[in-house]
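Everything below concerns the one structure shown next.
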Number of protein chains: 2
Amino acid sequence: MSKKIVFIGAGSVRYTIKLIGDLAKTCELNNVDIGLMDIDEERLRATHILAEKYSEELGANLNIQSTTDLEEALKNADFIINTALARAEGHEDGYVQYEIVRKIGEEHGYYRGIDSQEFNMVSDYYTLSNYNHLKMSLDIARTIEKVCPDAWLLQTSNPVFEITQLIKDLTKVKVVGFCHGYAHIFKVTEALNIDPEKVDWQVAGVNHAIWLNRFYFENLNGYEILKKWIKDKSEKWQPKDPWDVDLSFAAIDMYEFYGMLPIGDTVRSGTWKYHYDLETKKRWYGKFGGIDNEIERPKFYDQLRKTRSKLIKLAEELRENRNLKLTDVAPEIFPESIDSQEQHIPFINALINNKKARLVLNVENNGTLKNLPDDIVVEIPVTVDESGIHPEKIEPDLTDRIKEWYLMPRILKMKWALEAFKTADLRAIEEILLRDPRTRSYKQVKGVIKDILDLPFNKEMKNYYS
Amino acid sequence: MSKKIVFIGAGSVRYTIKLIGDLAKTCELNNVDIGLMDIDEERLRATHILAEKYSEELGANLNIQSTTDLEEALKNADFIINTALARAEGHEDGYVQYEIVRKIGEEHGYYRGIDSQEFNMVSDYYTLSNYNHLKMSLDIARTIEKVCPDAWLLQTSNPVFEITQLIKDLTKVKVVGFCHGYAHIFKVTEALNIDPEKVDWQVAGVNHAIWLNRFYFENLNGYEILKKWIKDKSEKWQPKDPWDVDLSFAAIDMYEFYGMLPIGDTVRSGTWKYHYDLETKKRWYGKFGGIDNEIERPKFYDQLRKTRSKLIKLAEELRENRNLKLTDVAPEIFPESIDSQEQHIPFINALINNKKARLVLNVENNGTLKNLPDDIVVEIPVTVDESGIHPEKIEPDLTDRIKEWYLMPRILKMKWALEAFKTADLRAIEEILLRDPRTRSYKQVKGVIKDILDLPFNKEMKNYYS
């Protein structure tokens with residue numbers, strides 16, 4: 001029987017298309033069954049059309065089915081790629097809701113909203129007010145437990161750390177968290193002008209909190225190269241775009257304090273030192289102030305929505321005109337030559353076809369990172385093959401400073417947020433906010449929570465917590 | 001050879017007198033050699049006179065020597081009781097300096113000063129700006145290592161958690177931290193109107209962060225009695241004095257959130273929820289707002305100083321008139337019947353004379369408190385006898401909430417403060433303040449640190465950190 005890969009939240013369109021591209025180019029997987037699932041029929045249909053056409057153009061002719069029914073989608077599934085983000089009726093996507101909640105936070109004195117927290121400043125990594133999404137993600141896992149208990153769940157939608165941990169804690173599903181943030185190592189090697197193929201690297205930590213613990217270029221200590229770059233070039237550094245923060249002043253400042261370079265989203269997830277306001281963000285992340293601010297973030301969402309509209313329109317056009325060639329009309333989305341840097345398809349191919357792959361995944365610690373709890377989900381380099389996931393020995397170890405000043409506080413925040421969710425105890429959310437540097441009074445805490453709970457789309461959350 | 005007990009910082013007068021009382025009533029120890037040491041000659045002389053006379057009145061005739069020389073005092077010492085608090089020339093005592101540093105903190109927006117921190121709101125438990133005191137305490141330990149390496153160091157001056165840990169980390173001295181805070185259990189049993197002799201109790205945690213994990217009265221669950229008290233009496237609770245906070249609204253609120261009752265100074269060491277300002281403190285600790293505020297704390301220091309002056313005057317009078325009887329003229333300080341609730345003398349008696357004693361001491365964890373680091377100093381009930389210190393099995397265990405929401409953050413703060421001290425890295429102090437709910441900007445952090453380092457008595461600290 002052929003293997004089945006299911007995409008939950010396939011209607012995000014673009015992400016699904018990217019992975020379909022990866023699948024199409026992986027000839028060993030061309031005969032798998034692909035199931036697309038989304039609650040939004042229009043987007044699901046569009047994704048289906050585009051995915052089929054794209055795979056056809058790439059010469060793969062993938063076998064794609066789609067459904068709005070979760071249980072049906074999961075039937076006989078071997079791999080579930082979950083990119084779904086909860087959203088309420090009447091709202092275009094989950095991000096709209098995030099922005100509404102953020103606005104309420106800001107009205108109560110929480111710049112960037114209550115979910116932007118020390119060690120978690122990424123603007124759509126909501127852990128406190130995100131009941132709907134956590135609940136939906138857990139429900140999907142529970143349905144997997146029922147319908148296809150042996151399947152692998154590739155948890156992709158954020159907050160990857162919290163959701164992967166939650167599912168691991170409360171279900172028996174084989175869950176692994178996926179994030180492409182580690183790939184920013186190659187932004188670093190590019191900036192340092194060294195051949196990434198000749199770099200011996202490791203990263204380790206937890207999701208959005210990973211550090212370059214090993215860094216050699218040929219026989220050289222890569223950190224010596226970095227130090228030279230800092231001496232010669234750091235001062236004149238300028239970002240090319242809002243996402244370009246890998247060697248920002250914040251990154252270098254974190255490196256100098258913690259003793260290893262933060263990689264990918266970690267750079268964005270510092271303390272308030274870098275995030276007090278837009279002016280502060282610009283000082284540390286360059287002229288755009290990074291992507292996590294009131295100017296760049298809405299622009300980014302606009303762009304996402306425009307791309308999605310364009311894709312839906314393209315799907316409609318395709319129904320009229322099958323001769324239209326996606327790789328011609330929108331090559332930025334449908335490239336002929338593919339390098340998505342996503343790890344899902346290599347992961348699946350390694351497990352099914354023993355195509356050994358080195359990946360950076362979110363899996364249970366179990367002693368890989370010493371002096372951190374064993375039962376938490378860590379992000380580490382692993383080798384995957386048909387026998388499973390094999391964590392690498394982390395060498396050299398992360399610095400004590402990274403563990404004691406960054407990872408442990410971040411891990412505690414994960415535990416706190418999940419405990420609030422698991423126990424339906426509003427006092428836990430209050431207590432988290434009482435420890436927030438933006439809080440001035442208990443009244444402020446009660447006020448912001450009340451207003452968030454009173455939102456129409458948080459009705460279930462309000463019931464749950466009372 | 002008779003055993004020798006040395007008091008470092010004996011010139012605090014009153015504390016020494018209290019322990020001399022304990023010694024005098026412990027007949028097995030009446031023949032030990034007692035060494036008093038202080039850098040303040042006047043106070044040392046006064047303590048010597050009063051201690052000798054008091055012990056004589058109690059019929060003990062202790063053998064007391066005094067010196068201002070540390071090494072001389074430590075010669076042949078078996079037990080060193082360190083109550084010393086660093087102070088600079090020209091200042092009456094260490095508290096004066098604490099108040100000066102606090103004032104600078106307040107000028108920069110840090111209510112109660114930078115050292116008042118979440119989980120550490122006790123007004124003279126300074127961990128960040130307290131270089132002089134940490135350094136002096138470590139130097140004393142290093143001198144012990146040299147002069148009397150087999151002696152026990154009974155670390156008594158605060159911050160007991162940080163100093164005991166520091167000495168344990170950096171020396172081979174047999175150090176144990178002493179605090180009488182656990183004895184507030186008996187304030188609780190008094191309020192609940194139950195016979196403390198019939199209570200089966202345990203407390204556990206770290207210094208100033210201990211919780212009543214076991215609580216039975218005869219065959220009843222003590223927490224049921226507490227719940228009834230809360231239902232019937234909590235609302236009408238009023239403090240008798242600023243120290244009376246054991247069943248305050250803050251204590252009950254912490255109990256309800258953490259699942260066990262905080263004991264002693266723990267009640268004072270909550271988060272900012274209870275401490276934003278005097279008004280907030282009054283709401284949670286009753287009409288005085290506890291002892292850790294701008295009204296009660298200076299009054300307390302005044303009272304301490306008045307008592308000290310009175311004692312010094314009394315010592316002078318004694319030199320004129322040996323017939324003066326201390327137990328008559330100042331029975332509140334020189335009681336005839338003694339119950340100091342201090343654990344030092346029972347500890348010494350247990351080790352020397354095998355007089356088995358159940359105490360609550362600060363010793364290395366080594367697995368006693370599960371899921372907390374093994375190498376940290378925890379405050380736990382132990383039995384002491386001539387073979388050493390034997391930790392009790394903690395049963396039932398502390399709640400996860402206490403460990404994950406209170407103890408781990410508190411332990412991290414200890415680690416952070418000690419790392420700043422050990423590595424002479426000012427960025428570590430900056431980073432701690434950047435995570436402080438009172439901080440609004442990096443500039444504020446730099447400003448307050450600069451002004452504290454510029455204090456005349458912090459010259460050595462400034463050199464050390466630059």
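Quick note on naming: the chains in the structure tokens go A, B, ... in the order shown, residues restart at 1 in each chain, and ligands are numbered from 1 in order of appearance.
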Taking only C-alpha atoms into account, what are the residues of chain B at most 9 Å from chain A, put as number ranges by chain? B: 118, 257, 271-274, 276, 280, 371, 373, 401, 404-405, 408-409, 412, 415-416, 427-428, 431, 434-442
Sel. of strand (DSSP E or B) residues, range 175-318 of chain B, as a list in words: Val175, Val176, Gly177, Val199, Asp200, Trp201, Gln202, Val203, Ala204, Gly205, Val206, Ala209, Ile210, Trp211, Leu212, Asn213, Arg214, Phe215, Tyr216, Phe217, Leu220, Asn221, Leu261, Pro262 and Ile263 of chain B
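Looking only at range 151-197 of chain A, the set that DSSP places in helix (DSSP H, G or I) from backbone geometry is Val160, Phe161, Glu162, Ile163, Thr164, Gln165, Leu166, Ile167, Lys168, Asp169, Leu170, Gly181, Tyr182, Ala183, His184, Ile185, Phe186, Lys187, Val188, Thr189, Glu190, Ala191, Pro196 and Glu197 of chain A.
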Could you list, as a VMD selection string, every residue within 10 Å of His344 in chain A, counting only C-alpha atoms and ignoring same-chain residues fewer than 5 positions away? chain A and resid 19 22 to 23 79 to 81 154 to 156 177 to 180 349 to 350 359 361
The selected residues should be written to file as a PDB file, in the first residue's frame (atoms: N, CA, C and O atoms).
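This went into again_8.pdb:
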```pdb
ATOM      1  N   LEU A  19       5.765  22.747  -0.339  1.00  0.00           N
ATOM      2  CA  LEU A  19       6.057  21.350  -0.003  1.00  0.00           C
ATOM      3  C   LEU A  19       5.678  20.411  -1.143  1.00  0.00           C
ATOM      4  O   LEU A  19       6.307  19.366  -1.340  1.00  0.00           O
ATOM      5  N   ASP A  22       8.602  20.338  -3.235  1.00  0.00           N
ATOM      6  CA  ASP A  22       9.595  19.418  -2.657  1.00  0.00           C
ATOM      7  C   ASP A  22       9.231  17.963  -2.960  1.00  0.00           C
ATOM      8  O   ASP A  22      10.090  17.151  -3.291  1.00  0.00           O
ATOM      9  N   LEU A  23       7.960  17.662  -2.831  1.00  0.00           N
ATOM     10  CA  LEU A  23       7.495  16.288  -3.081  1.00  0.00           C
ATOM     11  C   LEU A  23       7.702  15.898  -4.536  1.00  0.00           C
ATOM     12  O   LEU A  23       8.155  14.796  -4.849  1.00  0.00           O
ATOM     13  N   PHE A  79       1.705  10.329   7.435  1.00  0.00           N
ATOM     14  CA  PHE A  79       2.358  11.574   7.849  1.00  0.00           C
ATOM     15  C   PHE A  79       1.348  12.705   7.783  1.00  0.00           C
ATOM     16  O   PHE A  79       0.631  12.820   6.776  1.00  0.00           O
ATOM     17  N   ILE A  80       1.317  13.514   8.839  1.00  0.00           N
ATOM     18  CA  ILE A  80       0.401  14.658   8.830  1.00  0.00           C
ATOM     19  C   ILE A  80       1.224  15.918   9.011  1.00  0.00           C
ATOM     20  O   ILE A  80       1.927  16.080  10.020  1.00  0.00           O
ATOM     21  N   ILE A  81       1.152  16.774   8.022  1.00  0.00           N
ATOM     22  CA  ILE A  81       1.847  18.056   8.118  1.00  0.00           C
ATOM     23  C   ILE A  81       0.824  19.084   8.555  1.00  0.00           C
ATOM     24  O   ILE A  81      -0.089  19.430   7.799  1.00  0.00           O
ATOM     25  N   LEU A 154       3.819  16.141  11.890  1.00  0.00           N
ATOM     26  CA  LEU A 154       4.861  17.139  11.669  1.00  0.00           C
ATOM     27  C   LEU A 154       4.259  18.501  12.011  1.00  0.00           C
ATOM     28  O   LEU A 154       3.603  19.135  11.188  1.00  0.00           O
ATOM     29  N   GLN A 155       4.420  18.915  13.262  1.00  0.00           N
ATOM     30  CA  GLN A 155       3.788  20.146  13.714  1.00  0.00           C
ATOM     31  C   GLN A 155       4.564  21.339  13.170  1.00  0.00           C
ATOM     32  O   GLN A 155       5.734  21.516  13.478  1.00  0.00           O
ATOM     33  N   THR A 156       3.878  22.168  12.408  1.00  0.00           N
ATOM     34  CA  THR A 156       4.570  23.230  11.679  1.00  0.00           C
ATOM     35  C   THR A 156       4.074  24.616  12.061  1.00  0.00           C
ATOM     36  O   THR A 156       4.815  25.590  12.038  1.00  0.00           O
ATOM     37  N   GLY A 177       8.363  18.699  15.959  1.00  0.00           N
ATOM     38  CA  GLY A 177       8.165  20.094  15.585  1.00  0.00           C
ATOM     39  C   GLY A 177       9.101  20.515  14.462  1.00  0.00           C
ATOM     40  O   GLY A 177      10.285  20.163  14.476  1.00  0.00           O
ATOM     41  N   PHE A 178       8.561  21.254  13.492  1.00  0.00           N
ATOM     42  CA  PHE A 178       9.350  21.675  12.324  1.00  0.00           C
ATOM     43  C   PHE A 178       9.460  23.192  12.247  1.00  0.00           C
ATOM     44  O   PHE A 178       8.475  23.904  12.375  1.00  0.00           O
ATOM     45  N   CYS A 179      10.675  23.648  12.015  1.00  0.00           N
ATOM     46  CA  CYS A 179      10.908  25.089  11.847  1.00  0.00           C
ATOM     47  C   CYS A 179      12.096  25.239  10.917  1.00  0.00           C
ATOM     48  O   CYS A 179      13.057  24.465  11.005  1.00  0.00           O
ATOM     49  N   HIS A 180      12.053  26.201  10.013  1.00  0.00           N
ATOM     50  CA  HIS A 180      13.187  26.364   9.095  1.00  0.00           C
ATOM     51  C   HIS A 180      14.203  27.382   9.596  1.00  0.00           C
ATOM     52  O   HIS A 180      15.140  27.738   8.891  1.00  0.00           O
ATOM     53  N   ASN A 349      10.971  11.171   3.490  1.00  0.00           N
ATOM     54  CA  ASN A 349      11.744  10.307   2.589  1.00  0.00           C
ATOM     55  C   ASN A 349      12.764   9.457   3.357  1.00  0.00           C
ATOM     56  O   ASN A 349      13.005   8.305   3.017  1.00  0.00           O
ATOM     57  N   ALA A 350      13.315  10.043   4.413  1.00  0.00           N
ATOM     58  CA  ALA A 350      14.275   9.298   5.237  1.00  0.00           C
ATOM     59  C   ALA A 350      13.575   8.137   5.934  1.00  0.00           C
ATOM     60  O   ALA A 350      14.082   7.016   5.969  1.00  0.00           O
ATOM     61  N   LEU A 359      18.830  16.672   9.788  1.00  0.00           N
ATOM     62  CA  LEU A 359      17.820  17.713   9.932  1.00  0.00           C
ATOM     63  C   LEU A 359      17.943  18.363  11.307  1.00  0.00           C
ATOM     64  O   LEU A 359      18.633  17.832  12.185  1.00  0.00           O
ATOM     65  N   LEU A 361      15.447  19.253  14.208  1.00  0.00           N
ATOM     66  CA  LEU A 361      14.053  18.988  14.559  1.00  0.00           C
ATOM     67  C   LEU A 361      13.779  19.241  16.042  1.00  0.00           C
ATOM     68  O   LEU A 361      14.700  19.285  16.859  1.00  0.00           O
TER      69      LEU A 361
END
```
With only C-alpha atoms as the counted atoms, please give the residues lying no more than 9 Å from Ile8 in chain B, apart from itself and same-chain residues fewer than 4 positions off, as an mmCIF file with C-alpha atoms, in the first residue's frame.
```
data_model
loop_
_atom_site.group_PDB
_atom_site.id
_atom_site.type_symbol
_atom_site.label_atom_id
_atom_site.label_comp_id
_atom_site.auth_asym_id
_atom_site.auth_seq_id
_atom_site.Cartn_x
_atom_site.Cartn_y
_atom_site.Cartn_z
ATOM 1 C CA GLY B 35 35.903 33.904 70.641
ATOM 2 C CA LEU B 36 34.279 37.197 69.766
ATOM 3 C CA MET B 37 35.545 39.062 66.729
ATOM 4 C CA ASP B 38 34.540 42.392 65.243
ATOM 5 C CA LEU B 70 40.162 37.636 62.113
ATOM 6 C CA ALA B 73 39.947 34.678 66.229
ATOM 7 C CA ILE B 80 32.293 29.954 63.262
ATOM 8 C CA ILE B 81 29.046 31.848 63.536
ATOM 9 C CA ASN B 82 29.212 34.577 60.929
ATOM 10 C CA THR B 83 26.752 37.404 61.510
ATOM 11 C CA ALA B 84 28.996 40.099 60.052
ATOM 12 C CA ILE B 140 36.126 35.159 55.725
#
```
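Interatomic distance, CA of Val13 in chain A to CA of Lys168 in chain A: 27.5 Å.
Residues lying within 8 Å of Asn61 in chain A, counting only C-alpha atoms and ignoring same-chain neighbours fewer than 5 positions away, are A:Ala24, A:Asn30, A:Glu52, A:Ser55, A:Glu56.
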Selection file, N, CA, C and O atoms, as a short mmCIF file (atom, residue, chain, number, x, y, z; two decimals), in the first residue's frame:
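Okay, this is what ended up in result29.cif:
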```cif
data_model
loop_
_atom_site.label_atom_id
_atom_site.label_comp_id
_atom_site.auth_asym_id
_atom_site.auth_seq_id
_atom_site.Cartn_x
_atom_site.Cartn_y
_atom_site.Cartn_z
N ALA A 24 7.37 16.84 -5.43
CA ALA A 24 7.47 16.56 -6.87
C ALA A 24 8.90 16.26 -7.26
O ALA A 24 9.17 15.37 -8.08
N ASN A 30 7.04 10.14 -5.49
CA ASN A 30 6.04 10.57 -6.47
C ASN A 30 4.77 9.72 -6.45
O ASN A 30 3.72 10.16 -6.92
N GLU A 52 -1.93 20.26 -8.10
CA GLU A 52 -2.00 19.26 -9.17
C GLU A 52 -1.27 19.75 -10.42
O GLU A 52 -0.45 19.05 -11.01
N SER A 55 2.59 20.08 -9.85
CA SER A 55 3.28 18.78 -9.85
C SER A 55 3.33 18.21 -11.26
O SER A 55 4.31 17.59 -11.67
N GLU A 56 2.28 18.47 -12.02
CA GLU A 56 2.22 18.03 -13.42
C GLU A 56 3.32 18.73 -14.23
O GLU A 56 4.08 18.10 -14.96
#
```
Find, counting only C-alpha atoms, the residue in B:Ile394, B:Leu426, B:Ile345, B:Leu261 that gets nearest to Met461 in chain B. B:Leu426
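Residues with any atom within 9 Å of Leu369 in chain B, counting only C-alpha atoms and excluding same-chain neighbours fewer than 4 positions away, are Ala204, Gly205, Asn365, Pro373, Asp374, Val378, Ile380, Lys393, Ile394, Asp397 and Leu398 of chain B.
In this structure, CA of Tyr464 in chain B sits 9.2 Å away from CA of Tyr131 in chain B.
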